[in-house]
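> Below you'll find entry-v2.cif; it's mmCIF, C-alpha atoms.
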```cif
data_query
loop_
_atom_site.label_atom_id
_atom_site.label_comp_id
_atom_site.auth_asym_id
_atom_site.auth_seq_id
_atom_site.Cartn_x
_atom_site.Cartn_y
_atom_site.Cartn_z
CA MET A 16 -20.04 -81.43 26.23
CA PRO A 17 -19.42 -78.27 28.22
CA LEU A 18 -20.33 -74.68 27.64
CA VAL A 19 -16.95 -73.07 26.97
CA ILE A 20 -16.28 -69.38 27.62
CA ILE A 21 -13.05 -67.83 26.38
CA GLY A 22 -12.24 -64.87 28.60
CA SER A 23 -12.44 -64.25 32.34
CA GLY A 24 -13.23 -60.54 32.40
CA HIS A 25 -16.51 -58.96 33.43
CA ALA A 26 -18.28 -60.46 30.39
CA GLY A 27 -17.05 -64.02 30.90
CA TYR A 28 -17.61 -64.29 34.64
CA THR A 29 -20.94 -62.42 34.57
CA LEU A 30 -22.18 -64.88 31.95
CA ALA A 31 -20.99 -67.89 33.95
CA ARG A 32 -22.72 -66.59 37.08
CA ALA A 33 -25.97 -65.83 35.24
CA PHE A 34 -25.92 -69.21 33.46
CA ARG A 35 -25.57 -71.02 36.78
CA GLN A 36 -28.79 -69.37 37.95
CA HIS A 37 -30.59 -71.19 35.10
CA ASP A 38 -28.56 -74.39 34.86
CA THR A 39 -26.65 -75.99 37.73
CA SER A 40 -25.60 -79.21 35.99
CA THR A 41 -24.11 -78.43 32.55
CA PRO A 42 -20.30 -78.31 32.77
CA VAL A 43 -18.88 -74.81 32.25
CA VAL A 44 -15.23 -74.23 31.31
CA VAL A 45 -13.65 -70.77 31.35
CA LEU A 46 -10.39 -70.47 29.42
CA THR A 47 -8.25 -67.40 30.08
CA GLU A 48 -4.74 -66.42 29.10
CA ASP A 49 -4.19 -64.48 32.35
CA GLY A 50 -4.46 -65.59 35.97
CA GLY A 51 -8.24 -65.68 35.98
CA GLU A 52 -8.57 -63.33 38.95
CA TYR A 53 -11.88 -61.55 39.40
CA TYR A 54 -11.63 -57.77 39.77
CA SER A 55 -13.50 -54.64 38.75
CA LYS A 56 -11.94 -53.39 35.52
CA PRO A 57 -13.18 -49.78 35.97
CA GLN A 58 -11.11 -49.64 39.15
CA LEU A 59 -7.95 -49.90 37.03
CA SER A 60 -8.52 -46.27 36.06
CA HIS A 61 -8.89 -45.14 39.66
CA GLY A 62 -6.58 -47.47 41.56
CA PHE A 63 -3.52 -45.25 41.48
CA GLY A 64 -5.49 -42.22 42.66
CA HIS A 65 -6.40 -44.22 45.77
CA GLN A 66 -2.93 -45.83 45.96
CA THR A 67 -4.48 -49.27 45.57
CA SER A 68 -2.05 -52.07 44.68
CA ALA A 69 -2.84 -54.73 42.09
CA ALA A 70 -3.22 -57.32 44.84
CA GLN A 71 -5.77 -55.12 46.61
CA LEU A 72 -7.89 -54.88 43.46
CA ILE A 73 -8.40 -58.66 43.31
CA GLN A 74 -11.78 -59.70 44.70
CA ASN A 75 -11.41 -63.43 44.10
CA SER A 76 -8.89 -65.89 42.67
CA ALA A 77 -9.48 -68.25 39.74
CA THR A 78 -9.76 -71.11 42.23
CA GLY A 79 -12.25 -69.12 44.28
CA MET A 80 -14.36 -68.32 41.23
CA ALA A 81 -14.36 -71.97 40.18
CA ALA A 82 -15.58 -73.04 43.63
CA GLU A 83 -18.17 -70.25 43.89
CA LEU A 84 -19.75 -70.87 40.48
CA LYS A 85 -19.08 -74.63 40.31
CA ILE A 86 -17.22 -74.28 37.04
CA MET A 87 -13.75 -75.13 35.73
CA VAL A 88 -11.37 -72.20 35.24
CA ARG A 89 -8.17 -72.83 33.29
CA PRO A 90 -5.83 -69.85 33.79
CA HIS A 91 -2.73 -69.14 31.69
CA THR A 92 -4.32 -71.02 28.78
CA GLN A 93 -3.68 -69.78 25.26
CA VAL A 94 -6.31 -70.81 22.72
CA THR A 95 -4.59 -71.32 19.38
CA ALA A 96 -7.40 -72.55 17.12
CA ILE A 97 -11.13 -73.17 16.94
CA ASP A 98 -12.66 -75.85 14.71
CA PHE A 99 -16.25 -74.65 14.31
CA ALA A 100 -17.34 -77.68 12.28
CA ALA A 101 -16.06 -80.18 14.86
CA GLN A 102 -16.99 -77.90 17.80
CA LYS A 103 -13.51 -78.24 19.25
CA ILE A 104 -10.94 -75.82 20.67
CA THR A 105 -7.18 -76.27 20.57
CA ALA A 106 -5.26 -74.89 23.56
CA GLY A 107 -1.67 -76.04 23.47
CA ALA A 108 -1.73 -79.84 23.45
CA ALA A 109 -5.30 -79.96 24.71
CA GLN A 110 -8.38 -80.51 22.56
CA ILE A 111 -11.52 -79.19 24.27
CA PRO A 112 -14.97 -79.97 22.83
CA TYR A 113 -17.90 -77.64 23.36
CA SER A 114 -21.67 -77.72 23.07
CA ASP A 115 -21.79 -73.92 22.88
CA LEU A 116 -18.88 -71.49 22.70
CA VAL A 117 -18.84 -67.90 23.88
CA LEU A 118 -16.09 -65.51 22.83
CA ALA A 119 -15.64 -62.97 25.62
CA VAL A 120 -12.10 -62.08 24.62
CA GLY A 121 -12.43 -58.32 25.10
CA ALA A 122 -10.40 -55.66 23.36
CA LYS A 123 -6.81 -54.50 23.25
CA PRO A 124 -5.55 -50.94 23.68
CA PHE A 125 -5.02 -48.90 20.54
CA VAL A 126 -1.64 -47.15 20.48
CA PRO A 127 -1.16 -44.79 17.50
CA PRO A 128 2.11 -45.04 15.55
CA ILE A 129 4.80 -43.00 17.32
CA GLU A 130 8.46 -42.76 16.37
CA GLY A 131 11.45 -43.08 18.72
CA ASP A 132 12.95 -45.76 20.95
CA GLY A 133 10.82 -44.66 23.90
CA ALA A 134 7.53 -45.58 22.19
CA GLN A 135 7.98 -49.20 23.26
CA ASP A 136 7.69 -48.12 26.90
CA ILE A 137 4.21 -46.61 26.56
CA LEU A 138 1.92 -47.88 29.30
CA THR A 139 -1.60 -49.12 28.62
CA LEU A 140 -4.20 -50.03 31.18
CA ASN A 141 -6.48 -52.87 30.11
CA ASN A 142 -5.87 -55.71 32.58
CA LEU A 143 -4.44 -56.49 35.98
CA GLU A 144 -0.94 -57.31 34.72
CA GLN A 145 -0.74 -53.98 32.89
CA TYR A 146 -1.95 -52.25 36.07
CA ARG A 147 0.93 -53.77 38.07
CA ARG A 148 3.47 -52.27 35.67
CA TYR A 149 1.55 -48.97 35.56
CA PHE A 150 1.34 -48.70 39.36
CA ASP A 151 5.04 -49.43 39.92
CA THR A 152 6.17 -47.07 37.15
CA LEU A 153 3.96 -44.20 38.31
CA ASN A 154 5.19 -44.52 41.88
CA ARG A 155 8.71 -43.81 40.57
CA SER A 156 7.56 -40.93 38.35
CA GLU A 157 7.13 -37.19 38.90
CA HIS A 158 5.72 -36.04 35.54
CA VAL A 159 3.24 -38.22 33.63
CA LEU A 160 1.95 -37.76 30.08
CA VAL A 161 -1.54 -39.05 29.25
CA ILE A 162 -2.34 -39.56 25.55
CA GLY A 163 -6.09 -39.24 24.92
CA GLY A 164 -8.76 -37.02 26.42
CA GLY A 165 -11.74 -39.34 26.18
CA LEU A 166 -13.52 -41.00 29.08
CA VAL A 167 -10.68 -43.14 30.42
CA GLY A 168 -7.93 -40.58 29.74
CA THR A 169 -9.86 -37.84 31.52
CA GLU A 170 -10.53 -40.06 34.55
CA ILE A 171 -6.92 -41.21 34.73
CA ALA A 172 -5.48 -37.69 34.42
CA HIS A 173 -7.92 -36.45 37.08
CA ASP A 174 -6.84 -39.20 39.52
CA ILE A 175 -3.08 -39.16 38.87
CA ALA A 176 -3.02 -35.38 39.36
CA GLN A 177 -3.71 -35.98 43.05
CA HIS A 178 -0.17 -37.30 43.40
CA LYS A 179 1.82 -36.38 40.28
CA ARG A 180 2.35 -33.63 37.72
CA VAL A 181 0.22 -34.50 34.67
CA THR A 182 0.14 -33.36 31.05
CA LEU A 183 -2.65 -34.57 28.73
CA VAL A 184 -2.55 -34.38 24.93
CA ASP A 185 -5.47 -34.98 22.58
CA ILE A 186 -5.99 -34.47 18.86
CA GLY A 187 -9.40 -32.91 19.54
CA SER A 188 -10.18 -29.44 20.83
CA ARG A 189 -11.35 -30.33 24.36
CA LEU A 190 -11.87 -33.09 26.93
CA LEU A 191 -14.71 -35.55 26.29
CA GLU A 192 -15.29 -33.96 22.89
CA ARG A 193 -17.25 -36.99 21.63
CA LEU A 194 -19.42 -37.28 24.73
CA VAL A 195 -20.52 -33.88 26.04
CA PRO A 196 -21.29 -30.36 24.74
CA GLU A 197 -18.62 -27.69 24.91
CA PRO A 198 -19.85 -25.89 28.08
CA VAL A 199 -19.46 -29.11 30.07
CA SER A 200 -15.89 -29.57 28.80
CA GLN A 201 -15.10 -25.97 29.74
CA ARG A 202 -16.31 -26.48 33.32
CA LEU A 203 -14.27 -29.67 33.51
CA HIS A 204 -11.16 -27.88 32.26
CA SER A 205 -11.51 -25.29 34.99
CA VAL A 206 -11.66 -27.83 37.83
CA MET A 207 -8.81 -29.90 36.35
CA ASP A 208 -6.45 -26.93 36.52
CA GLN A 209 -3.71 -29.19 37.96
CA VAL A 210 -3.47 -30.91 34.55
CA THR A 211 -1.66 -29.21 31.66
CA LEU A 212 -3.80 -29.67 28.55
CA HIS A 213 -2.51 -29.76 24.95
CA PHE A 214 -5.20 -29.96 22.28
CA GLY A 215 -5.15 -30.16 18.49
CA THR A 216 -1.96 -32.18 18.26
CA VAL A 217 -0.55 -35.68 18.70
CA VAL A 218 2.63 -37.23 20.04
CA ALA A 219 5.01 -37.64 17.10
CA ARG A 220 8.12 -38.98 18.83
CA ILE A 221 9.29 -40.38 22.16
CA ASP A 222 13.04 -40.70 22.85
CA LYS A 223 14.62 -42.34 25.86
CA MET A 224 16.84 -40.19 28.04
CA ALA A 225 19.19 -41.09 30.89
CA LYS A 226 16.23 -40.32 33.14
CA GLY A 227 12.78 -40.21 31.62
CA TYR A 228 11.69 -39.46 28.07
CA SER A 229 11.84 -36.58 25.62
CA VAL A 230 8.45 -36.17 23.95
CA THR A 231 7.95 -34.21 20.73
CA MET A 232 4.47 -33.19 19.64
CA ALA A 233 3.43 -32.85 16.02
CA ASP A 234 3.09 -29.07 16.53
CA GLY A 235 6.71 -28.86 17.70
CA VAL A 236 6.07 -28.62 21.45
CA LYS A 237 8.60 -30.62 23.49
CA LEU A 238 8.51 -31.81 27.06
CA THR A 239 10.32 -34.20 29.37
CA VAL A 240 8.29 -36.78 31.29
CA ASP A 241 8.92 -39.85 33.41
CA ALA A 242 6.07 -42.03 32.11
CA ILE A 243 3.60 -42.09 29.21
CA ILE A 244 0.12 -43.64 29.36
CA CYS A 245 -1.93 -44.17 26.20
CA THR A 246 -5.71 -44.09 26.51
CA ALA A 247 -6.48 -43.55 22.83
CA GLY A 248 -9.17 -46.22 22.70
CA LEU A 249 -9.69 -49.96 22.34
CA LYS A 250 -9.86 -52.33 19.38
CA PRO A 251 -11.84 -55.59 19.62
CA ARG A 252 -9.64 -58.66 19.73
CA LEU A 253 -10.15 -60.55 16.50
CA ASP A 254 -7.31 -63.07 16.53
CA LEU A 255 -9.58 -66.13 16.96
CA THR A 256 -12.19 -65.14 14.44
CA ALA A 257 -11.26 -66.88 11.16
CA GLY A 258 -14.55 -68.16 9.79
CA LEU A 259 -16.71 -65.57 11.58
CA GLU A 260 -18.34 -62.47 10.10
CA ILE A 261 -16.23 -59.49 11.15
CA GLN A 262 -16.66 -55.76 10.76
CA ARG A 263 -15.24 -53.55 13.50
CA GLY A 264 -15.93 -56.40 15.93
CA ILE A 265 -17.40 -59.90 15.85
CA VAL A 266 -20.83 -59.38 14.28
CA VAL A 267 -23.68 -60.76 16.39
CA ASP A 268 -27.46 -60.52 16.27
CA SER A 269 -29.76 -59.56 19.13
CA TYR A 270 -29.32 -63.07 20.59
CA LEU A 271 -25.51 -62.59 20.57
CA ARG A 272 -25.20 -65.29 17.88
CA THR A 273 -22.26 -65.11 15.49
CA SER A 274 -22.29 -66.36 11.89
CA GLN A 275 -21.30 -69.85 13.13
CA ALA A 276 -23.77 -72.20 14.81
CA HIS A 277 -23.36 -72.64 18.58
CA VAL A 278 -20.90 -69.74 18.73
CA TYR A 279 -21.68 -66.47 20.50
CA ALA A 280 -19.75 -63.28 21.26
CA LEU A 281 -20.10 -60.99 24.22
CA GLY A 282 -18.58 -57.78 25.57
CA ASP A 283 -15.90 -55.52 24.09
CA CYS A 284 -15.22 -57.87 21.17
CA ALA A 285 -18.83 -58.02 19.96
CA GLU A 286 -20.51 -55.71 17.45
CA ILE A 287 -24.29 -55.59 17.81
CA GLU A 288 -26.54 -53.41 15.66
CA GLY A 289 -23.39 -51.79 14.27
CA GLN A 290 -22.24 -50.75 17.74
CA ILE A 291 -19.50 -51.81 20.12
CA LEU A 292 -20.59 -51.03 23.68
CA PRO A 293 -17.60 -51.27 26.03
CA TYR A 294 -19.48 -50.37 29.21
CA LEU A 295 -20.44 -52.54 32.16
CA GLN A 296 -24.20 -52.12 31.91
CA PRO A 297 -24.67 -53.28 28.29
CA ILE A 298 -22.26 -56.15 28.94
CA THR A 299 -24.26 -57.19 32.01
CA LEU A 300 -27.54 -56.97 30.10
CA SER A 301 -26.04 -59.02 27.27
CA ALA A 302 -24.69 -61.67 29.66
CA ASN A 303 -28.05 -62.07 31.39
CA ALA A 304 -29.91 -62.44 28.08
CA LEU A 305 -27.35 -64.86 26.68
CA ALA A 306 -27.40 -66.98 29.84
CA SER A 307 -31.14 -67.48 29.34
CA THR A 308 -30.62 -68.36 25.67
CA LEU A 309 -27.90 -70.89 26.45
CA ALA A 310 -30.13 -72.47 29.09
CA GLY A 311 -32.81 -73.16 26.48
CA LYS A 312 -34.96 -70.02 26.56
CA PRO A 313 -33.95 -67.82 23.59
CA THR A 314 -33.84 -64.23 24.84
CA PRO A 315 -32.83 -61.20 22.78
CA VAL A 316 -30.98 -58.38 24.48
CA HIS A 317 -32.62 -54.96 24.62
CA PHE A 318 -30.51 -51.99 25.66
CA GLY A 319 -32.56 -48.82 25.49
CA PRO A 320 -30.80 -45.58 26.45
CA LEU A 321 -27.81 -46.40 28.66
CA PRO A 322 -26.46 -44.01 31.30
CA VAL A 323 -22.71 -43.40 31.49
CA ALA A 324 -20.96 -41.89 34.51
CA VAL A 325 -17.71 -39.95 34.15
CA LYS A 326 -15.90 -40.57 37.43
CA THR A 327 -14.23 -37.20 37.97
CA PRO A 328 -15.12 -36.43 41.63
CA ARG A 329 -14.19 -32.76 41.35
CA TYR A 330 -16.82 -32.41 38.61
CA PRO A 331 -19.06 -35.52 38.32
CA ILE A 332 -20.76 -36.00 34.95
CA GLN A 333 -23.59 -38.30 33.86
CA LEU A 334 -24.92 -38.71 30.34
CA ALA A 335 -27.24 -40.89 28.31
CA GLY A 336 -28.72 -41.15 24.84
CA LEU A 337 -27.41 -39.19 21.87
CA THR A 338 -24.97 -36.52 23.05
CA GLN A 339 -22.79 -35.98 20.00
CA GLY A 340 -23.42 -34.66 16.52
CA SER A 341 -23.70 -31.27 14.85
CA ASN A 342 -27.45 -31.55 14.34
CA LEU A 343 -28.33 -31.50 18.04
CA ASP A 344 -30.06 -28.54 19.64
CA TRP A 345 -28.89 -28.07 23.23
CA GLN A 346 -30.92 -26.53 26.03
CA ILE A 347 -28.66 -25.80 29.01
CA ASN A 348 -29.67 -24.87 32.53
CA GLU A 349 -27.01 -24.20 35.16
CA GLY A 350 -27.12 -23.48 38.87
CA ASP A 351 -25.00 -23.80 42.00
CA ASP A 352 -25.74 -27.52 42.16
CA GLY A 353 -24.52 -28.24 38.62
CA LEU A 354 -25.65 -28.20 35.01
CA THR A 355 -28.33 -29.94 32.97
CA ALA A 356 -27.94 -30.06 29.19
CA LEU A 357 -30.79 -31.50 27.12
CA ALA A 358 -30.13 -32.61 23.54
CA HIS A 359 -33.01 -32.31 21.07
CA ARG A 360 -33.36 -33.46 17.48
CA ASP A 361 -36.49 -32.59 15.52
CA ASN A 362 -37.93 -31.20 18.76
CA LYS A 363 -37.56 -34.58 20.48
CA LEU A 364 -35.39 -35.27 23.55
CA VAL A 365 -32.66 -37.69 22.45
CA GLY A 366 -29.98 -37.24 25.11
CA TYR A 367 -28.91 -35.46 28.26
CA VAL A 368 -25.83 -34.54 30.29
CA THR A 369 -25.94 -33.63 33.98
CA THR A 370 -23.12 -32.48 36.24
CA GLY A 371 -22.48 -31.82 39.90
CA SER A 372 -25.17 -33.14 42.25
CA ARG A 373 -27.81 -33.20 39.51
CA ASN A 374 -29.06 -36.59 38.36
CA GLY A 375 -30.67 -37.28 35.00
CA PHE A 376 -31.90 -40.85 35.59
CA SER A 377 -35.51 -39.66 35.67
CA LEU A 378 -35.06 -38.51 32.07
CA LEU A 379 -34.05 -41.96 30.78
CA PRO A 380 -37.58 -43.22 30.03
CA THR A 381 -38.37 -40.05 28.05
CA LEU A 382 -35.45 -40.31 25.62
CA ILE A 383 -36.32 -41.04 21.99
CA ARG A 384 -33.98 -43.53 20.32
#
```
Here is a file; write its structure as structure tokens.

Amino acid sequence: MPLVIIGSGHAGYTLARAFRQHDTSTPVVVLTEDGGEYYSKPQLSHGFGHQTSAAQLIQNSATGMAAELKIMVRPHTQVTAIDFAAQKITAGAAQIPYSDLVLAVGAKPFVPPIEGDGAQDILTLNNLEQYRRYFDTLNRSEHVLVIGGGLVGTEIAHDIAQHKRVTLVDIGSRLLERLVPEPVSQRLHSVMDQVTLHFGTVVARIDKMAKGYSVTMADGVKLTVDAIICTAGLKPRLDLTAGLEIQRGIVVDSYLRTSQAHVYALGDCAEIEGQILPYLQPITLSANALASTLAGKPTPVHFGPLPVAVKTPRYPIQLAGLTQGSNLDWQINEGDDGLTALAHRDNKLVGYVTTGSRNGFSLLPTLIR
């Protein structure tokens, strides 16, 4: 029976590639509800800034991936049920057995409840098909509203502002509030002066107009825009998880095992050690460890402190470790080449943030978890 992977994103294809390095003979089947194209998901956030079409983002087709990895890829396949006892998947009229099953189903965008008939037109940016709609809509737009000032929202607003007028709204008090100390946000605000920032409020209502949308904030501020993008976060996809232990995501142990035998979870849908880690590096580390486990050599995944890059070219930011919380003591050093902020707890270095041309990678081994 084959190894079956549900999902053809970075997690699914990285696992298939890593597994093939250990095992060249076991059949591998990738089931995906989209076209199965291989592309870099982080580039969705930056594609419009570089005027890159959806077709240009594709690095390989489903057929190409199948040939390269010597696997079967079944695009446009909707899995409707999983029988864990019988180790069988139902996809339409097909019944697909598995020896091991990996759920790499990712996450879906979170859109907060918003009133008005224009709320249904909110754009999200989580896959290639959504990017096609996003790209076409933005090309026709002059004024764009971005909901959410976290990592993705900040990057998107930064890039769109090269071509369009941009307003960003966030319930917090500053950009990247959950990732960096206040001085870093302040420097970022100053370089993103092309973006109008509204903090401490949310979008309450979106109404369609003859051209564009009328947007009403909870604090009473109104504006007219041509497109709205929501980057308020992601929620793990849990629609195939009946019979699995679930908290915020699919609960897995350090071997990526779920509560059902021969079933594993990987990527944005998985919750490991109470955390969901929707970044490329932890997903890659997880895929490599799981590939070894599935090939017969049980291998736990170890993360350690993970660096994160905020891709805002006008003010590049890197961070790692613990960088949020009221009980952190910050030591900040700033010069013409950027800023270094060191986070201490109980006199121990637990995190850092660097900006500009400064690089904090040398600090990674010294961070205390």
> What does the distance between atom CA of A:Ala335 and atom CA of A:Ile186 come to in Å, to one decimal place?
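About the pair atom CA of A:Ala335 and atom CA of A:Ile186: they are 24.1 Å apart.
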> Take the PyMOL selection byres ((chain A and resi 171) around 12), apply it to the structure above, and return the hits as a PyMOL selection string.
chain A and resi 57-65+139-140+149+153+159-170+172-179+181-183+207+210+243-246+325-328
> Do you know which residues are at most 7 Å from A:Met87 counting only C-alpha atoms, after dropping those on the same chain fewer than 4 positions away, and could you put them as number ranges by chain?
A: 43-45, 81
> Based on the selection just made, write C-alpha atoms of those residues as an mmCIF file, keeping the file's coordinate frame.

```cif
data_model
loop_
_atom_site.group_PDB
_atom_site.id
_atom_site.type_symbol
_atom_site.label_atom_id
_atom_site.label_comp_id
_atom_site.auth_asym_id
_atom_site.auth_seq_id
_atom_site.Cartn_x
_atom_site.Cartn_y
_atom_site.Cartn_z
ATOM 1 C CA VAL A 43 -18.880 -74.810 32.250
ATOM 2 C CA VAL A 44 -15.230 -74.230 31.310
ATOM 3 C CA VAL A 45 -13.650 -70.770 31.350
ATOM 4 C CA ALA A 81 -14.360 -71.970 40.180
#
```
> Check which residues satisfy the PyMOL selection byres ((chain A and resi 106-121) around 8) in the file shown, then give them as a PyMOL selection string.
chain A and resi 16-24+26-27+92-96+102-105+122-123+251-252+277-284+309
> Taking into account all atoms listed in the file, which residue in the set A:Val206, A:Leu364, A:Val199, A:Val236 is nearest to A:Ile347?
A:Val199
> On this structure, which residues satisfy the PyMOL selection byres ((chain A and resi 356) around 6), written as a list in words?
Gln346, Ile347, Thr355, Leu357, Tyr367 and Val368 of chain A
> Counting only C-alpha atoms, which of A:Gln74, A:Gln339, A:Val195, A:Ala69 gets nearest to A:Arg148?
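Of A:Gln74, A:Gln339, A:Val195, A:Ala69, the one nearest A:Arg148 is A:Ala69, counting only C-alpha atoms.
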> Just to confirm, what's the straight-line distance from atom CA of A:Thr370 to atom CA of A:Tyr330 in Å (one decimal)?
6.7 Å
> What gap, in Å, lies between atom CA of A:Leu194 and atom CA of A:Pro293?
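Rounded to one decimal, the two atoms are 14.2 Å apart.
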> Nearest residue to A:Val323 out of A:Gly289, A:Gly340, A:Gly311, A:Gly366, using all atoms listed in the file?
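Selected residue with least distance to A:Val323: A:Gly366.
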> Of the residues A:Glu349, A:Ile97, A:Asp222, A:Ile137, which is the one nearest to A:Gln275, using all atoms listed in the file?
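Using all atoms listed in the file, A:Gln275 sits closest to A:Ile97.
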> Give the answer as one residue: which of A:Leu143, A:Thr314, A:Pro128, A:Asp38 has the shortest atom-to-atom distance to A:Gly51, using only C-alpha atoms?
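Of the candidates, the smallest distance to A:Gly51 is held by A:Leu143.
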> Let me make sure I understand: among A:Lys226, A:His213, A:Arg147, A:His37, which one has the smallest atom-to-atom distance to A:Thr67 if we use all atoms listed in the file?
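Using all atoms listed in the file, the shortest distance to A:Thr67 belongs to A:Arg147.
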> I want to know what sits within 9 Å of A:Met224, based on all atoms listed in the file, with residues of the same chain fewer than 5 positions away left out; could you give that as a PyMOL selection string?
chain A and resi 133+229+239
> Reconstruct stretch 177-188 of chain A at the level of N, CA and C atoms, and format the result as a PDB file, keeping the file's coordinate frame.

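What landed in result29.pdb:
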```
ATOM      1  N   GLN A 177      -3.716 -36.083  41.588  1.00  0.00           N
ATOM      2  CA  GLN A 177      -3.710 -35.980  43.050  1.00  0.00           C
ATOM      3  C   GLN A 177      -2.318 -36.194  43.616  1.00  0.00           C
ATOM      4  N   HIS A 178      -1.477 -36.912  42.874  1.00  0.00           N
ATOM      5  CA  HIS A 178      -0.170 -37.300  43.400  1.00  0.00           C
ATOM      6  C   HIS A 178       0.999 -36.873  42.512  1.00  0.00           C
ATOM      7  N   LYS A 179       0.744 -36.624  41.225  1.00  0.00           N
ATOM      8  CA  LYS A 179       1.820 -36.380  40.280  1.00  0.00           C
ATOM      9  C   LYS A 179       1.502 -35.160  39.408  1.00  0.00           C
ATOM     10  N   ARG A 180       2.542 -34.642  38.758  1.00  0.00           N
ATOM     11  CA  ARG A 180       2.350 -33.630  37.720  1.00  0.00           C
ATOM     12  C   ARG A 180       1.871 -34.343  36.463  1.00  0.00           C
ATOM     13  N   VAL A 181       0.821 -33.816  35.817  1.00  0.00           N
ATOM     14  CA  VAL A 181       0.220 -34.500  34.670  1.00  0.00           C
ATOM     15  C   VAL A 181       0.059 -33.549  33.499  1.00  0.00           C
ATOM     16  N   THR A 182       0.437 -34.028  32.308  1.00  0.00           N
ATOM     17  CA  THR A 182       0.140 -33.360  31.050  1.00  0.00           C
ATOM     18  C   THR A 182      -0.720 -34.292  30.217  1.00  0.00           C
ATOM     19  N   LEU A 183      -1.773 -33.762  29.597  1.00  0.00           N
ATOM     20  CA  LEU A 183      -2.650 -34.570  28.730  1.00  0.00           C
ATOM     21  C   LEU A 183      -2.643 -33.968  27.337  1.00  0.00           C
ATOM     22  N   VAL A 184      -2.528 -34.834  26.319  1.00  0.00           N
ATOM     23  CA  VAL A 184      -2.550 -34.380  24.930  1.00  0.00           C
ATOM     24  C   VAL A 184      -3.658 -35.111  24.191  1.00  0.00           C
ATOM     25  N   ASP A 185      -4.386 -34.375  23.353  1.00  0.00           N
ATOM     26  CA  ASP A 185      -5.470 -34.980  22.580  1.00  0.00           C
ATOM     27  C   ASP A 185      -5.572 -34.261  21.242  1.00  0.00           C
ATOM     28  N   ILE A 186      -5.887 -35.039  20.196  1.00  0.00           N
ATOM     29  CA  ILE A 186      -5.990 -34.470  18.860  1.00  0.00           C
ATOM     30  C   ILE A 186      -7.216 -33.566  18.718  1.00  0.00           C
ATOM     31  N   GLY A 187      -8.206 -33.739  19.587  1.00  0.00           N
ATOM     32  CA  GLY A 187      -9.400 -32.910  19.540  1.00  0.00           C
ATOM     33  C   GLY A 187      -9.178 -31.534  20.128  1.00  0.00           C
ATOM     34  N   SER A 188     -10.271 -30.818  20.336  1.00  0.00           N
ATOM     35  CA  SER A 188     -10.180 -29.440  20.830  1.00  0.00           C
ATOM     36  C   SER A 188     -10.525 -29.308  22.310  1.00  0.00           C
TER      37      SER A 188
END
```
